[in-house]
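Okay, input_12.cif is below, mmCIF, C-alpha atoms:
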data_coords
loop_
_atom_site.label_atom_id
_atom_site.label_comp_id
_atom_site.auth_asym_id
_atom_site.auth_seq_id
_atom_site.Cartn_x
_atom_site.Cartn_y
_atom_site.Cartn_z
CA MET A 428 26.29 29.72 216.00
CA ARG A 429 27.75 32.18 218.50
CA LEU A 430 31.45 32.33 219.31
CA LYS A 431 32.21 34.36 222.45
CA SER A 432 35.57 35.76 223.45
CA THR A 433 36.97 38.19 225.97
CA THR A 434 39.78 40.63 225.63
CA MET A 435 43.31 39.52 226.50
CA ALA A 436 43.18 41.59 229.66
CA ALA A 437 40.00 39.84 230.74
CA ALA A 438 41.52 36.44 230.01
CA ILE A 439 44.52 37.23 232.20
CA ALA A 440 42.22 38.51 234.89
CA ALA A 441 40.26 35.27 234.81
CA GLY A 442 43.32 33.40 236.10
CA ALA A 443 44.05 35.75 238.97
CA VAL A 444 42.29 37.61 241.71
CA CYS A 445 42.13 41.23 240.59
CA ALA A 446 40.73 44.27 242.24
CA VAL A 447 38.38 46.06 239.89
CA GLY A 448 37.84 49.69 240.79
CA ALA A 449 34.40 51.20 241.02
CA GLY A 450 33.08 52.35 237.64
CA GLN A 451 35.38 50.04 235.67
CA ALA A 452 33.79 47.49 233.32
CA GLN A 453 35.20 44.36 231.80
CA ALA A 454 34.92 44.69 228.03
CA GLN A 455 33.00 41.85 226.40
CA SER A 456 32.97 40.91 222.73
CA ASN A 457 31.15 38.37 220.64
CA VAL A 458 31.14 37.15 217.06
CA THR A 459 28.10 35.47 215.50
CA LEU A 460 28.05 33.22 212.45
CA TYR A 461 24.66 33.32 210.75
CA GLY A 462 23.05 32.65 207.40
CA LEU A 463 19.99 32.06 205.26
CA MET A 464 19.26 29.70 202.38
CA ASP A 465 16.40 30.13 199.91
CA VAL A 466 15.73 27.87 196.94
CA SER A 467 12.76 28.23 194.58
CA VAL A 468 11.71 25.13 192.65
CA PRO A 469 10.07 24.71 190.30
CA THR A 470 9.95 28.22 188.85
CA TYR A 471 7.92 28.85 185.69
CA ARG A 472 8.36 31.96 183.50
CA SER A 473 6.43 32.82 180.37
CA ASN A 474 7.98 34.89 177.56
CA ALA A 475 11.41 34.09 178.95
CA GLY A 476 13.04 33.65 175.55
CA PRO A 477 12.62 34.55 171.88
CA ASN A 478 9.23 33.85 170.25
CA GLY A 479 7.43 33.39 173.56
CA ALA A 480 9.63 30.59 174.88
CA LYS A 481 8.95 29.42 178.45
CA THR A 482 11.33 28.22 181.13
CA VAL A 483 10.93 25.83 184.07
CA GLY A 484 13.80 25.41 186.51
CA ILE A 485 15.28 26.38 189.85
CA GLY A 486 14.64 30.06 190.51
CA ASN A 487 15.01 32.88 188.02
CA ASP A 488 18.25 31.84 186.35
CA GLY A 489 19.08 30.09 189.62
CA GLU A 490 18.16 33.07 191.81
CA PRO A 491 15.68 32.42 194.63
CA TRP A 492 12.38 34.23 194.70
CA PHE A 493 12.48 36.04 198.05
CA SER A 494 15.90 36.20 199.69
CA GLY A 495 19.41 35.97 198.40
CA SER A 496 21.11 33.04 200.12
CA ARG A 497 23.91 34.30 202.32
CA TRP A 498 26.27 33.66 205.20
CA GLY A 499 27.92 36.23 207.39
CA LEU A 500 29.79 37.22 210.50
CA LYS A 501 28.73 40.02 212.80
CA GLY A 502 30.37 41.18 215.97
CA SER A 503 30.08 43.59 218.84
CA GLU A 504 32.47 44.75 221.55
CA ASP A 505 31.24 46.58 224.64
CA ILE A 506 33.71 49.38 225.37
CA GLY A 507 31.75 50.80 228.28
CA ASN A 508 28.83 53.12 229.06
CA GLY A 509 26.61 51.27 226.61
CA THR A 510 28.84 51.99 223.62
CA HIS A 511 29.68 49.12 221.25
CA ILE A 512 32.11 48.72 218.38
CA ILE A 513 30.27 46.70 215.70
CA PHE A 514 31.04 45.08 212.36
CA ARG A 515 29.45 42.89 209.71
CA LEU A 516 30.79 40.81 206.83
CA GLU A 517 28.19 39.15 204.60
CA SER A 518 28.47 37.16 201.38
CA GLU A 519 25.77 35.95 198.98
CA PHE A 520 25.78 32.68 197.06
CA VAL A 521 23.48 30.71 194.75
CA VAL A 522 22.17 27.42 196.16
CA SER A 523 21.38 25.91 192.76
CA ASN A 524 25.01 25.89 191.59
CA GLY A 525 27.13 26.88 194.60
CA ASN A 526 28.58 29.93 192.88
CA ALA A 527 29.19 33.28 194.47
CA GLU A 528 26.44 35.76 193.60
CA ASP A 529 29.05 38.32 192.45
CA PRO A 530 32.26 36.57 191.36
CA GLY A 531 35.35 38.41 192.51
CA GLN A 532 33.59 40.16 195.38
CA ILE A 533 33.89 38.11 198.54
CA PHE A 534 31.56 40.18 200.71
CA ASP A 535 28.96 41.40 198.24
CA ARG A 536 26.23 42.23 200.77
CA ASP A 537 28.05 43.87 203.68
CA ALA A 538 31.56 44.86 204.71
CA TRP A 539 31.44 47.59 207.33
CA VAL A 540 32.62 48.60 210.79
CA GLY A 541 31.09 51.16 213.12
CA VAL A 542 30.04 52.31 216.55
CA GLU A 543 26.65 52.14 218.26
CA ASP A 544 25.83 54.37 221.20
CA PRO A 545 22.49 54.78 223.01
CA THR A 546 22.78 58.58 222.87
CA LEU A 547 24.51 59.23 219.55
CA GLY A 548 22.98 56.42 217.51
CA LYS A 549 24.58 54.05 215.02
CA LEU A 550 27.41 55.08 212.67
CA THR A 551 28.80 52.60 210.13
CA ILE A 552 31.50 52.92 207.47
CA GLY A 553 31.99 50.68 204.43
CA PHE A 554 29.90 48.66 201.97
CA GLN A 555 26.29 48.63 203.19
CA ASN A 556 22.64 49.28 202.34
CA THR A 557 21.60 52.74 201.27
CA ILE A 558 19.63 54.42 204.02
CA ALA A 559 16.85 55.11 201.48
CA ARG A 560 16.47 51.37 200.94
CA ASP A 561 16.20 50.76 204.67
CA ALA A 562 13.72 53.61 205.23
CA SER A 563 11.36 52.45 202.45
CA THR A 564 11.40 48.78 203.45
CA ILE A 565 8.38 49.29 205.73
CA TYR A 566 6.13 50.04 202.73
CA GLY A 567 8.05 48.74 199.71
CA ASP A 568 6.46 45.30 199.96
CA PRO A 569 4.67 43.23 202.62
CA TYR A 570 7.63 40.98 203.47
CA GLY A 571 9.84 43.29 205.53
CA ALA A 572 9.51 44.56 209.07
CA ALA A 573 6.59 46.86 209.82
CA ALA A 574 8.53 49.20 212.13
CA LEU A 575 11.64 51.24 211.43
CA THR A 576 14.86 50.03 213.06
CA THR A 577 18.56 50.81 212.81
CA GLU A 578 19.18 47.36 211.31
CA GLU A 579 19.53 46.88 207.57
CA GLY A 580 16.40 45.86 205.69
CA GLY A 581 15.67 44.62 202.22
CA TRP A 582 13.04 43.93 199.66
CA THR A 583 12.33 40.69 197.85
CA ASN A 584 14.99 39.37 195.54
CA SER A 585 14.71 38.53 191.85
CA ASN A 586 11.09 38.66 190.73
CA ASN A 587 9.32 41.24 188.57
CA PHE A 588 8.09 43.40 191.42
CA LYS A 589 11.56 43.94 192.88
CA GLN A 590 12.72 46.67 190.50
CA MET A 591 11.01 49.54 192.31
CA ILE A 592 13.81 49.27 194.88
CA PHE A 593 16.15 51.09 192.48
CA TYR A 594 14.37 54.37 193.21
CA ALA A 595 16.03 54.00 196.63
CA ALA A 596 19.47 53.25 195.16
CA SER A 597 22.71 55.20 195.09
CA ALA A 598 25.14 55.70 192.23
CA THR A 599 26.52 52.20 192.98
CA GLY A 600 23.25 50.31 193.37
CA THR A 601 21.06 49.61 196.39
CA ARG A 602 24.22 49.49 198.52
CA TYR A 603 26.82 52.19 199.03
CA ASN A 604 30.40 51.75 197.96
CA ASN A 605 32.63 53.85 200.22
CA GLY A 606 29.61 54.67 202.35
CA VAL A 607 29.05 56.34 205.70
CA ALA A 608 25.62 55.91 207.32
CA TRP A 609 24.11 57.26 210.53
CA LYS A 610 20.82 56.06 212.04
CA LYS A 611 19.02 56.95 215.23
CA LEU A 612 15.72 55.69 216.66
CA PHE A 613 14.56 57.99 219.44
CA ASN A 614 12.51 56.92 222.45
CA ASN A 615 9.47 58.83 221.17
CA GLY A 616 9.38 56.74 217.97
CA VAL A 617 11.06 59.28 215.69
CA PHE A 618 13.59 57.76 213.26
CA MET A 619 16.32 59.82 211.57
CA SER A 620 19.04 58.74 209.18
CA ALA A 621 21.63 60.21 206.82
CA GLY A 622 24.09 58.62 204.44
CA TYR A 623 26.94 59.70 202.17
CA ALA A 624 28.93 57.70 199.63
CA PHE A 625 32.26 59.00 198.36
CA GLY A 626 32.98 58.77 194.64
CA ASN A 627 36.73 58.40 195.26
CA THR A 628 37.53 60.30 192.08
CA THR A 629 39.55 63.44 191.33
CA ASN A 630 36.20 65.16 190.77
CA PHE A 631 34.70 65.01 194.27
CA ALA A 632 31.07 65.01 193.08
CA VAL A 633 31.28 62.28 190.42
CA GLY A 634 30.10 58.93 191.78
CA SER A 635 29.01 60.42 195.10
CA ASN A 636 25.62 60.15 196.75
CA TYR A 637 23.90 61.74 199.75
CA GLN A 638 20.57 60.75 201.29
CA VAL A 639 18.45 61.68 204.28
CA ALA A 640 15.48 59.82 205.77
CA LEU A 641 12.88 60.58 208.41
CA GLY A 642 10.21 58.36 209.91
CA TYR A 643 7.99 57.61 212.87
CA ASN A 644 6.95 54.39 214.60
CA GLY A 645 3.43 54.98 215.85
CA GLY A 646 2.46 51.52 217.07
CA PRO A 647 -0.27 50.31 214.70
CA PHE A 648 0.94 52.78 212.03
CA ASN A 649 4.44 53.61 210.83
CA VAL A 650 5.53 56.19 208.25
CA SER A 651 8.81 57.19 206.60
CA GLY A 652 10.28 59.02 203.65
CA PHE A 653 13.63 59.82 202.05
CA TYR A 654 15.43 62.17 199.67
CA SER A 655 18.34 60.99 197.54
CA HIS A 656 20.83 62.92 195.39
CA GLY A 657 23.37 60.97 193.37
CA ASN A 658 25.91 61.60 190.65
CA ARG A 659 26.48 58.69 188.31
CA ALA A 660 29.07 59.14 185.56
CA GLY A 661 28.57 62.90 185.78
CA TYR A 662 24.75 62.81 185.53
CA THR A 663 22.58 63.94 188.45
CA ASN A 664 19.89 61.57 189.75
CA GLN A 665 17.36 62.60 192.39
CA SER A 666 14.48 60.78 194.04
CA TYR A 667 12.15 61.11 196.96
CA SER A 668 9.57 58.81 198.47
CA VAL A 669 6.98 58.69 201.23
CA GLY A 670 4.90 55.81 202.55
CA GLY A 671 3.89 53.74 205.49
CA ASN A 672 1.82 50.90 206.87
CA TYR A 673 -1.10 50.32 209.20
CA THR A 674 -1.85 47.13 211.13
CA PHE A 675 -5.25 46.25 212.52
CA GLY A 676 -5.88 42.79 213.88
CA ILE A 677 -4.38 40.22 211.54
CA VAL A 678 -4.13 42.63 208.58
CA ARG A 679 -1.24 44.91 207.61
CA LEU A 680 -1.72 47.43 204.78
CA ASN A 681 1.23 49.13 203.05
CA ALA A 682 1.38 52.01 200.56
CA GLY A 683 4.13 54.20 199.12
CA TYR A 684 4.94 56.72 196.40
CA PHE A 685 8.26 57.34 194.58
CA HIS A 686 9.33 60.23 192.33
CA TYR A 687 12.56 60.14 190.34
CA THR A 688 14.37 62.49 187.96
CA GLY A 689 17.52 61.65 186.04
CA ASP A 690 19.56 63.97 183.84
CA GLN A 691 20.30 62.57 180.37
CA GLY A 692 22.42 65.28 178.78
CA ALA A 693 21.07 66.54 175.46
CA LEU A 694 18.12 64.12 175.74
CA GLY A 695 16.70 66.05 178.68
CA GLN A 696 15.49 64.82 182.03
CA ARG A 697 13.88 61.47 182.72
CA ARG A 698 10.89 61.67 185.08
CA ASP A 699 9.35 58.68 186.87
CA ASN A 700 6.33 58.42 189.12
CA ALA A 701 5.68 55.10 190.85
CA TRP A 702 3.43 53.79 193.59
CA THR A 703 2.77 50.55 195.40
CA VAL A 704 0.07 49.06 197.62
CA SER A 705 0.20 45.71 199.38
CA MET A 706 -1.35 43.66 202.16
CA LYS A 707 -0.24 40.94 204.55
CA LEU A 708 -2.75 38.69 206.27
CA ALA A 709 -1.30 36.85 209.30
CA PRO A 710 -3.96 34.83 211.17
CA GLN A 711 -3.10 32.63 214.11
CA GLY A 712 -1.45 29.42 213.00
CA ARG A 713 1.26 28.55 210.54
CA PHE A 714 -0.01 30.34 207.40
CA ASP A 715 0.33 33.93 206.20
CA TYR A 716 -0.78 35.51 202.92
CA GLU A 717 0.52 38.45 200.87
CA LEU A 718 -0.96 40.41 197.96
CA GLY A 719 0.44 43.49 196.22
CA TYR A 720 0.33 45.77 193.19
CA GLN A 721 2.75 48.36 191.87
CA GLN A 722 2.93 50.73 188.92
CA MET A 723 6.01 52.42 187.47
CA HIS A 724 5.54 55.24 184.94
CA ALA A 725 8.65 56.48 183.11
CA SER A 726 8.52 59.66 180.98
CA ASN A 727 11.14 60.89 178.49
CA VAL A 728 13.33 57.93 179.37
CA ALA A 729 16.45 57.28 177.29
CA TYR A 730 16.62 53.61 176.33
CA ASP A 731 19.75 51.55 176.89
CA ALA A 732 21.87 50.10 174.11
CA ASP A 733 19.43 47.16 173.76
CA GLY A 734 16.34 49.37 173.55
CA ASN A 735 15.07 48.73 177.09
CA VAL A 736 14.22 51.06 180.00
CA PRO A 737 17.21 51.22 182.39
CA ASN A 738 16.74 50.91 186.13
CA ALA A 739 16.54 54.24 187.96
CA ASN A 740 19.80 55.62 189.39
CA VAL A 741 22.04 52.80 188.15
CA GLY A 742 21.03 51.97 184.56
CA ALA A 743 23.29 52.95 181.67
CA PHE A 744 21.39 54.76 178.92
CA SER A 745 22.26 55.43 175.29
CA LEU A 746 22.49 58.98 173.95
CA THR A 747 21.71 57.72 170.44
CA ASN A 748 18.98 55.11 170.97
CA GLY A 749 16.06 57.50 171.43
CA VAL A 750 13.64 58.32 174.25
CA GLY A 751 10.17 57.11 175.12
CA SER A 752 7.60 56.73 177.87
CA GLY A 753 5.58 53.90 179.29
CA TYR A 754 4.13 51.92 182.16
CA LYS A 755 5.15 48.78 184.00
CA GLU A 756 2.48 47.22 186.22
CA THR A 757 2.91 44.14 188.40
CA LEU A 758 0.44 42.15 190.49
CA TYR A 759 1.88 39.56 192.90
CA ALA A 760 0.76 37.15 195.62
CA SER A 761 2.19 34.50 197.94
CA VAL A 762 1.34 32.01 200.67
CA PHE A 763 3.79 30.96 203.40
CA TYR A 764 3.57 27.91 205.66
CA HIS A 765 5.91 28.15 208.66
CA LEU A 766 7.38 24.81 209.64
CA SER A 767 9.22 26.44 212.57
CA LYS A 768 10.54 29.83 213.63
CA ARG A 769 13.46 29.39 211.26
CA THR A 770 12.02 27.53 208.26
CA GLU A 771 9.08 28.04 205.92
CA VAL A 772 7.82 26.80 202.57
CA TYR A 773 5.97 29.02 200.10
CA VAL A 774 4.16 29.33 196.81
CA ALA A 775 4.18 32.63 194.93
CA GLY A 776 3.51 34.25 191.59
CA ASP A 777 3.29 37.53 189.72
CA TYR A 778 1.91 38.98 186.50
CA MET A 779 3.73 41.87 184.81
CA LYS A 780 2.19 44.04 182.09
CA LEU A 781 4.18 46.50 179.95
CA HIS A 782 2.53 49.12 177.78
CA SER A 783 2.91 52.50 176.05
CA GLY A 784 6.58 51.96 175.25
CA TYR A 785 7.99 50.43 178.45
CA THR A 786 10.32 47.53 177.58
CA VAL A 787 12.52 45.20 179.69
CA ALA A 788 15.13 42.68 178.62
CA GLY A 789 13.58 39.70 180.40
CA THR A 790 10.49 39.44 178.17
CA TYR A 791 12.34 39.41 174.80
CA GLY A 792 9.95 41.91 173.25
CA ALA A 793 6.72 40.55 174.77
CA ASN A 794 4.52 42.97 176.71
CA ASN A 795 3.69 40.64 179.60
CA GLN A 796 5.14 37.86 181.74
CA VAL A 797 3.87 35.34 184.29
CA GLU A 798 6.13 33.94 187.01
CA LEU A 799 5.10 31.06 189.32
CA THR A 800 7.19 29.28 191.93
CA GLY A 801 7.38 27.24 195.11
CA GLY A 802 10.26 27.12 197.53
CA ILE A 803 11.79 26.67 200.96
CA ARG A 804 13.69 29.17 203.08
CA THR A 805 15.65 28.41 206.25
CA ARG A 806 17.95 30.35 208.57
CA PHE A 807 20.81 29.44 210.86
#
Written as structure tokens, how would this file's structure read?
Amino acid sequence: MRLKSTTMAAAIAAGAVCAVGAGQAQAQSNVTLYGLMDVSVPTYRSNAGPNGAKTVGIGNDGEPWFSGSRWGLKGSEDIGNGTHIIFRLESEFVVSNGNAEDPGQIFDRDAWVGVEDPTLGKLTIGFQNTIARDASTIYGDPYGAAALTTEEGGWTNSNNFKQMIFYAASATGTRYNNGVAWKKLFNNGVFMSAGYAFGNTTNFAVGSNYQVALGYNGGPFNVSGFYSHGNRAGYTNQSYSVGGNYTFGIVRLNAGYFHYTGDQGALGQRRDNAWTVSMKLAPQGRFDYELGYQQMHASNVAYDADGNVPNANVGAFSLTNGVGSGYKETLYASVFYHLSKRTEVYVAGDYMKLHSGYTVAGTYGANNQVELTGGIRTRF
């Protein structure tokens, strides 16, 4: 739904004959209401409770498989010479129960305002994606866009192969609090981006984060990488990544590598190495097919209070619960059938294997888990 308006000056001018001087432009603005709904049913999970208990229900604890359901408002005002003032407000909800995804936070996906200029690029201020997340979308999994853009991107939502996204996070998660982001896509295909998140504390460094990203859209191939430096609760976290994709015919191949280090005080430095490969097959017609694999290797990682491996950048660790190392491997696949340009149905599944000391809360001590689901996703 698109709601168009003009400025008050333009509205007055519409009722009278006005002489508009050469070079003057009538400012135009628009506001768009949009949204997406995703519901996964039935969803099966093995080892989802104590003693190997299984669950069957709607989503993973109600969460959809691919995309968080959301609604939002975005707007743009042309202030002349191709420059636009832009904003976005976006809120996530759970279809299965109607609750807000994050109670108490109205706009838990986006709340930012900025300016977009054909020469200077796009500058936004507020709650928004980390630029590392956006830069790595093109190789993080096979479901995002193949080419780099200045728009926000995202990875899949709540399944076992999502967690690699936290290597691209800031001190406040995969979105900046108090963030400033700049992005520019040049005519020659070069993409550049930089982001900074203020900690808003008396110690300027604590809670802050800075990131830079560089990429290139080369037609059938696209590459990008990022560097991230964050300070969470006084501990330094750093990560870098590089990857890309290549499309030939109906096949798109994706691959990427992530390296992460996190200070842990007297327990030393955590070191992670992770990589992912995936493929999307999109023949003519209504079907497309996806297949992927990823491996996360954590070394000298301090466990959290429950004895599990915390997520990179954002996970709270315990200084008294010991350190360990281990691997998390996940194989996943899906099939989509597109009913229209806006709506599709899907079936999907993954298999996660934990070994050599890697533990996660969702398996209740088991070293593997199977997830299977079907669902429908529609946009408005």
I'd like the contact shell of Thr747 in chain A - 9 Å cut-off, all atoms listed in the file, skipping same-chain residues fewer than 4 positions apart - returned as number ranges by chain. A: 729-730, 732
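Selection result for the displayed file, with the PyMOL selection byres ((chain A and resi 484) around 12) as criterion, is Val466, Ser467, Val468, Pro469, Thr470, Tyr471, Arg472, Ala475, Lys481, Thr482, Val483, Ile485, Gly486, Asn487, Asp488, Gly489, Glu490, Pro491, Ser523, Glu798, Leu799, Thr800, Gly801 and Gly802 of chain A.
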Going by the chain IDs and residue numbers used in this file, which residues fall under the PyMOL selection byres ((chain A and resi 533) around 12)? Write them as a short mmCIF file (atom, residue, chain, number, x, y, z; two decimals) with C-alpha atoms, in the coordinates of the input.
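Printed below is expr-v8.cif as written:
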data_model
loop_
_atom_site.label_atom_id
_atom_site.label_comp_id
_atom_site.auth_asym_id
_atom_site.auth_seq_id
_atom_site.Cartn_x
_atom_site.Cartn_y
_atom_site.Cartn_z
CA ARG A 497 23.91 34.30 202.32
CA TRP A 498 26.27 33.66 205.20
CA GLY A 499 27.92 36.23 207.39
CA LEU A 516 30.79 40.81 206.83
CA GLU A 517 28.19 39.15 204.60
CA SER A 518 28.47 37.16 201.38
CA GLU A 519 25.77 35.95 198.98
CA PHE A 520 25.78 32.68 197.06
CA ASN A 526 28.58 29.93 192.88
CA ALA A 527 29.19 33.28 194.47
CA GLU A 528 26.44 35.76 193.60
CA ASP A 529 29.05 38.32 192.45
CA PRO A 530 32.26 36.57 191.36
CA GLY A 531 35.35 38.41 192.51
CA GLN A 532 33.59 40.16 195.38
CA PHE A 534 31.56 40.18 200.71
CA ASP A 535 28.96 41.40 198.24
CA ARG A 536 26.23 42.23 200.77
CA ASP A 537 28.05 43.87 203.68
CA ALA A 538 31.56 44.86 204.71
CA PHE A 554 29.90 48.66 201.97
#
Quick check on the file I pasted: which residues fall under the PyMOL selection byres ((chain A and resi 541-549) around 7)? Write them as a ChimeraX atom specification. /A:509-514,539-540,550-552,609-611
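Minimum atom-to-atom distance to Gly734 in chain A, evaluated using all atoms listed in the file, belongs to A:Gly784 out of A:Tyr667, A:Tyr687, A:Gly784, A:Thr703.
Excluding Gln721 in chain A itself and same-chain residues fewer than 6 positions from it, the residues having an atom within 9 Å of it are Phe588, Met591, Ala701, Trp702, Thr703, Val704, Ser705, Lys755, Glu756, Thr757, Leu758 and Tyr759 of chain A, counting only C-alpha atoms.
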Write out as an mmCIF file with C-alpha atoms, in the frame of the given file which residues come within 12 Å of Ser745 in chain A when counting all atoms listed in the file, dropping same-chain ones fewer than 5 positions away.
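Full text of out05.cif as output:
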data_model
loop_
_atom_site.group_PDB
_atom_site.id
_atom_site.type_symbol
_atom_site.label_atom_id
_atom_site.label_comp_id
_atom_site.auth_asym_id
_atom_site.auth_seq_id
_atom_site.Cartn_x
_atom_site.Cartn_y
_atom_site.Cartn_z
ATOM 1 C CA GLN A 691 20.300 62.570 180.370
ATOM 2 C CA GLY A 692 22.420 65.280 178.780
ATOM 3 C CA ALA A 693 21.070 66.540 175.460
ATOM 4 C CA LEU A 694 18.120 64.120 175.740
ATOM 5 C CA VAL A 728 13.330 57.930 179.370
ATOM 6 C CA ALA A 729 16.450 57.280 177.290
ATOM 7 C CA TYR A 730 16.620 53.610 176.330
ATOM 8 C CA ASP A 731 19.750 51.550 176.890
ATOM 9 C CA ALA A 732 21.870 50.100 174.110
ATOM 10 C CA ASP A 733 19.430 47.160 173.760
ATOM 11 C CA GLY A 734 16.340 49.370 173.550
ATOM 12 C CA ASN A 735 15.070 48.730 177.090
ATOM 13 C CA VAL A 736 14.220 51.060 180.000
ATOM 14 C CA PRO A 737 17.210 51.220 182.390
ATOM 15 C CA VAL A 750 13.640 58.320 174.250
#
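If you look at CA of Ser726 in chain A and CA of Thr663 in chain A, they are 16.5 Å away from each other.
Shell of Glu578 in chain A at 10 Å, with all atoms listed in the file counted and residues fewer than 2 places along the chain excluded, is A:Lys549, A:Asn556, A:Asp561, A:Leu575, A:Thr576, A:Gly580, A:Lys610.
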Write a file of the just-selected residues containing C-alpha atoms, as an mmCIF file, keeping the file's coordinate frame.
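Dumped to again.cif:
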data_model
loop_
_atom_site.group_PDB
_atom_site.id
_atom_site.type_symbol
_atom_site.label_atom_id
_atom_site.label_comp_id
_atom_site.auth_asym_id
_atom_site.auth_seq_id
_atom_site.Cartn_x
_atom_site.Cartn_y
_atom_site.Cartn_z
ATOM 1 C CA LYS A 549 24.580 54.050 215.020
ATOM 2 C CA ASN A 556 22.640 49.280 202.340
ATOM 3 C CA ASP A 561 16.200 50.760 204.670
ATOM 4 C CA LEU A 575 11.640 51.240 211.430
ATOM 5 C CA THR A 576 14.860 50.030 213.060
ATOM 6 C CA GLY A 580 16.400 45.860 205.690
ATOM 7 C CA LYS A 610 20.820 56.060 212.040
#
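The residue that comes closest to Gln796 in chain A, out of A:Gly676, A:Gly462, A:Gly476, A:Gly606 and on the basis of all atoms listed in the file, is A:Gly476.
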Within 12 Å of Arg769 in chain A, counting only C-alpha atoms, which residues qualify if same-chain residues fewer than 2 places away don't, as a PyMOL selection string? chain A and resi 461-465+764-767+771-772+803-807
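Coordinates place CA of Ala775 in chain A at a distance of 19.3 Å from CA of Ala572 in chain A.
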To one decimal place in Å, what is the distance between CA of Gln638 in chain A and CA of Gly689 in chain A? 15.6 Å
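Candidate residues A:Gly616, A:Gly671, A:Pro710, A:Gly622 were compared for distance to Gly645 in chain A, and the nearest is A:Gly616, using all atoms listed in the file.
Here the question is which of A:Ala574, A:Leu500, A:Ala725, A:Ala621 gets nearest to Gly751 in chain A using all atoms listed in the file, and that residue is A:Ala725.
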N, CA and C atoms for range 760-771 of chain A, written as an mmCIF file, in the coordinates of the input, could you do that?
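The file below, part-v7.cif, is the result:
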data_model
loop_
_atom_site.group_PDB
_atom_site.id
_atom_site.type_symbol
_atom_site.label_atom_id
_atom_site.label_comp_id
_atom_site.auth_asym_id
_atom_site.auth_seq_id
_atom_site.Cartn_x
_atom_site.Cartn_y
_atom_site.Cartn_z
ATOM 1 N N ALA A 760 1.400 37.779 194.462
ATOM 2 C CA ALA A 760 0.760 37.150 195.620
ATOM 3 C C ALA A 760 1.619 35.993 196.109
ATOM 4 N N SER A 761 1.438 35.620 197.376
ATOM 5 C CA SER A 761 2.190 34.500 197.940
ATOM 6 C C SER A 761 1.459 33.929 199.144
ATOM 7 N N VAL A 762 1.824 32.690 199.471
ATOM 8 C CA VAL A 762 1.340 32.010 200.670
ATOM 9 C C VAL A 762 2.546 31.345 201.324
ATOM 10 N N PHE A 763 2.710 31.578 202.633
ATOM 11 C CA PHE A 763 3.790 30.960 203.400
ATOM 12 C C PHE A 763 3.193 29.966 204.408
ATOM 13 N N TYR A 764 3.894 28.860 204.596
ATOM 14 C CA TYR A 764 3.570 27.910 205.660
ATOM 15 C C TYR A 764 4.824 27.748 206.507
ATOM 16 N N HIS A 765 4.745 28.129 207.776
ATOM 17 C CA HIS A 765 5.910 28.150 208.660
ATOM 18 C C HIS A 765 6.043 26.810 209.368
ATOM 19 N N LEU A 766 7.094 26.089 209.011
ATOM 20 C CA LEU A 766 7.380 24.810 209.640
ATOM 21 C C LEU A 766 7.926 25.005 211.048
ATOM 22 N N SER A 767 8.637 26.109 211.270
ATOM 23 C CA SER A 767 9.220 26.440 212.570
ATOM 24 C C SER A 767 9.516 27.925 212.558
ATOM 25 N N LYS A 768 10.172 28.417 213.602
ATOM 26 C CA LYS A 768 10.540 29.830 213.630
ATOM 27 C C LYS A 768 11.612 30.157 212.607
ATOM 28 N N ARG A 769 12.355 29.143 212.172
ATOM 29 C CA ARG A 769 13.460 29.390 211.260
ATOM 30 C C ARG A 769 13.175 28.998 209.813
ATOM 31 N N THR A 770 12.195 28.133 209.589
ATOM 32 C CA THR A 770 12.020 27.530 208.260
ATOM 33 C C THR A 770 10.580 27.649 207.805
ATOM 34 N N GLU A 771 10.409 27.997 206.506
ATOM 35 C CA GLU A 771 9.080 28.040 205.920
ATOM 36 C C GLU A 771 9.130 27.562 204.477
#
